[in-house]
Amino acid sequence: MRQIFYLTSFFFLIAGSAWGFDASFDPEGWLKFEGDHFVVLCPPGIDEDEAHAVLDHAEDYYNDIADDIGYTRYQNFWTWGNRVKIIIFGDKDTYVRQTGQPPWSGGFASMYSELFKSRIIVSYAGQPNFIEVILPHEITHLILHDFIGFDRPIPRFFDEGVAQLEQKDDSLNHMDAMAHLIVGGRIIPLQELLQFDLVAHKNDAESVSIFYVESLYIVDFLVKTYGKDAFKELCRHLRDGDGFEEALKSSYYPTIDSMQALQDKWFEYAKQYL
């Protein structure tokens, strides 16, 4: 399980919410860097090269992620007054104090009304995983919910699996660990994964770790095995109001017509990595 718990450190790092933090945060005197879909805000004295790097990567991620889930026809959604605000505090202590996040948090994203037009991503200067892990992860959450709809229920495992898949780290280099979990009977059955409550399991580090790793590799399996077109079709069915199992069947029938069929196919695929 060493590899599994190694991965968990990233997943806890990017977890978070914006309790007590106002999306209208825009302090006087802060620097502002504007792109097509994002605005980066940071205090004076920050490394401006880092701020520019955040903005450039965010714009690149937006285009890649939108294409991966079929969002491109909505490409004008995040423009002008609806651009996503990326807030970079000067240091970790200030970030924790201003946002109310726990000390282990590396960043978070949130959406606010009206009609969820206000979206923010928040972190701090020098956060080592921000550009390659947290930024693409959180942009994916925002795009996925924008595309499918904020009033549509998205299974948490699918939401987190897609977001992890867009990270630019080595999370996908641990398929052997996933295969050993399957053979050892330690995975969460997919029908249970569909209803898995992270809050209810917050004190069960092993279950949470398995949840995140399993979510990543199921989504990766669907994309690698059946291609992006079928995956985009799945997202479209979710957008149109289908439940996940119904959307799965509509997009992958007759190869996959239920969560059990997905689990069987995934088991078969994963075991080749033993």
# chains A, B, ... in the order shown; residues from 1 in each chain; ligands from 1
$ residues_around --residues "Asn63 (chain A)" --least-positions-apart "5" --cutoff "10 Å" --atoms "only C-alpha atoms" --output "list in words"
His37, Ala58, Asp68, Tyr71, Thr72 and Gln75 of chain A
$ closest_residue --among "A:Asp36, A:Glu166, A:Glu132, A:Asp22" --to "Val219 (chain A)" --atoms "only C-alpha atoms"
A:Glu166
$ closest_residue --among "A:Glu48, A:Glu160, A:Asp93, A:Asp176" --to "Lys32 (chain A)" --atoms "only C-alpha atoms"
A:Glu48
$ residues_around --residues "Trp80 (chain A)" --least-positions-apart "4" --cutoff "10 Å" --atoms "only C-alpha atoms" --output "list in words"
Glu34, Gly35, Asp36, His37, Phe38, Val39, Asn76 and Val84 of chain A
$ closest_residue --among "A:Leu31, A:Glu268, A:Asp240, A:Met259" --to "Gly149 (chain A)" --atoms "only C-alpha atoms"
A:Asp240
$ select_by_dssp --residues "region 23-249 of chain A" --states "strand (DSSP E)" --output "list of chain:residue names"
A:Leu31, A:Lys32, A:Phe33, A:Glu34, A:Phe38, A:Val39, A:Val40, A:Leu41, A:Cys42, A:Val84, A:Lys85, A:Ile86, A:Ile87, A:Ile88, A:Phe89, A:Phe108, A:Ala109, A:Ser110, A:Met111, A:Tyr112, A:Ser118, A:Arg119, A:Ile120, A:Ile121, A:Val122, A:Ser123, A:Tyr124
$ write_last_selection --atoms "N, CA, C and O atoms" --output "compact mmCIF listing (two decimals), in the first residue's frame"
# COMPACT_ATOMS: atom_id res chain seq x y z
N LEU A 31 -1.68 43.40 -8.26
CA LEU A 31 -1.39 43.30 -9.68
C LEU A 31 -2.45 42.44 -10.37
O LEU A 31 -2.99 41.49 -9.78
N LYS A 32 -2.72 42.75 -11.61
CA LYS A 32 -3.75 42.03 -12.36
C LYS A 32 -3.21 41.70 -13.75
O LYS A 32 -2.74 42.57 -14.47
N PHE A 33 -3.29 40.42 -14.09
CA PHE A 33 -2.83 39.94 -15.41
C PHE A 33 -4.03 39.27 -16.09
O PHE A 33 -4.59 38.32 -15.54
N GLU A 34 -4.40 39.76 -17.26
CA GLU A 34 -5.64 39.33 -17.90
C GLU A 34 -5.39 38.52 -19.16
O GLU A 34 -4.56 38.89 -20.00
N PHE A 38 -9.10 33.95 -18.14
CA PHE A 38 -8.67 34.03 -16.75
C PHE A 38 -8.10 35.41 -16.43
O PHE A 38 -7.57 36.09 -17.31
N VAL A 39 -8.22 35.77 -15.15
CA VAL A 39 -7.56 36.96 -14.62
C VAL A 39 -6.78 36.53 -13.38
O VAL A 39 -7.36 35.95 -12.46
N VAL A 40 -5.48 36.77 -13.39
CA VAL A 40 -4.64 36.42 -12.24
C VAL A 40 -4.46 37.66 -11.38
O VAL A 40 -4.05 38.72 -11.87
N LEU A 41 -4.76 37.53 -10.08
CA LEU A 41 -4.58 38.60 -9.11
C LEU A 41 -3.52 38.19 -8.11
O LEU A 41 -3.55 37.07 -7.58
N CYS A 42 -2.58 39.08 -7.83
CA CYS A 42 -1.52 38.78 -6.87
C CYS A 42 -1.01 40.07 -6.24
O CYS A 42 -1.10 41.15 -6.84
N VAL A 84 -12.55 33.52 -15.23
CA VAL A 84 -12.25 32.90 -13.93
C VAL A 84 -11.14 33.70 -13.25
O VAL A 84 -10.13 34.03 -13.87
N LYS A 85 -11.33 33.99 -11.99
CA LYS A 85 -10.36 34.75 -11.21
C LYS A 85 -9.41 33.78 -10.51
O LYS A 85 -9.85 32.88 -9.78
N ILE A 86 -8.11 33.92 -10.75
CA ILE A 86 -7.10 33.11 -10.07
C ILE A 86 -6.38 34.02 -9.08
O ILE A 86 -5.71 34.98 -9.48
N ILE A 87 -6.55 33.74 -7.82
CA ILE A 87 -6.00 34.58 -6.75
C ILE A 87 -4.77 33.90 -6.17
O ILE A 87 -4.84 32.76 -5.69
N ILE A 88 -3.64 34.58 -6.23
CA ILE A 88 -2.38 34.04 -5.72
C ILE A 88 -1.92 34.89 -4.54
O ILE A 88 -1.48 36.04 -4.72
N PHE A 89 -2.04 34.36 -3.34
CA PHE A 89 -1.54 35.08 -2.17
C PHE A 89 -0.02 35.04 -2.13
O PHE A 89 0.61 34.16 -2.74
N PHE A 108 -7.67 25.70 -3.97
CA PHE A 108 -9.05 25.24 -4.14
C PHE A 108 -9.73 26.06 -5.23
O PHE A 108 -9.23 27.11 -5.65
N ALA A 109 -10.86 25.56 -5.68
CA ALA A 109 -11.71 26.30 -6.61
C ALA A 109 -13.12 26.31 -6.07
O ALA A 109 -13.54 25.37 -5.39
N SER A 110 -13.84 27.37 -6.34
CA SER A 110 -15.25 27.45 -5.95
C SER A 110 -16.04 28.22 -6.98
O SER A 110 -15.49 29.00 -7.75
N MET A 111 -17.34 27.97 -6.96
CA MET A 111 -18.27 28.64 -7.85
C MET A 111 -19.33 29.33 -7.00
O MET A 111 -19.79 28.78 -6.02
N TYR A 112 -19.70 30.54 -7.36
CA TYR A 112 -20.66 31.31 -6.61
C TYR A 112 -21.81 31.74 -7.53
O TYR A 112 -21.64 31.88 -8.72
N SER A 118 -19.64 33.47 -11.15
CA SER A 118 -18.41 33.86 -10.48
C SER A 118 -17.64 32.61 -10.09
O SER A 118 -18.12 31.78 -9.31
N ARG A 119 -16.44 32.46 -10.65
CA ARG A 119 -15.63 31.28 -10.39
C ARG A 119 -14.24 31.73 -9.97
O ARG A 119 -13.68 32.64 -10.58
N ILE A 120 -13.69 31.09 -8.96
CA ILE A 120 -12.35 31.47 -8.50
C ILE A 120 -11.51 30.23 -8.27
O ILE A 120 -12.01 29.15 -7.97
N ILE A 121 -10.21 30.40 -8.44
CA ILE A 121 -9.21 29.41 -8.07
C ILE A 121 -8.21 30.15 -7.20
O ILE A 121 -7.78 31.25 -7.54
N VAL A 122 -7.87 29.56 -6.07
CA VAL A 122 -7.05 30.27 -5.08
C VAL A 122 -5.86 29.42 -4.65
O VAL A 122 -6.01 28.21 -4.39
N SER A 123 -4.68 30.02 -4.57
CA SER A 123 -3.50 29.35 -4.03
C SER A 123 -2.54 30.42 -3.52
O SER A 123 -2.95 31.55 -3.23
N TYR A 124 -1.25 30.09 -3.44
CA TYR A 124 -0.26 31.05 -2.94
C TYR A 124 1.04 30.90 -3.72
O TYR A 124 1.32 29.84 -4.31
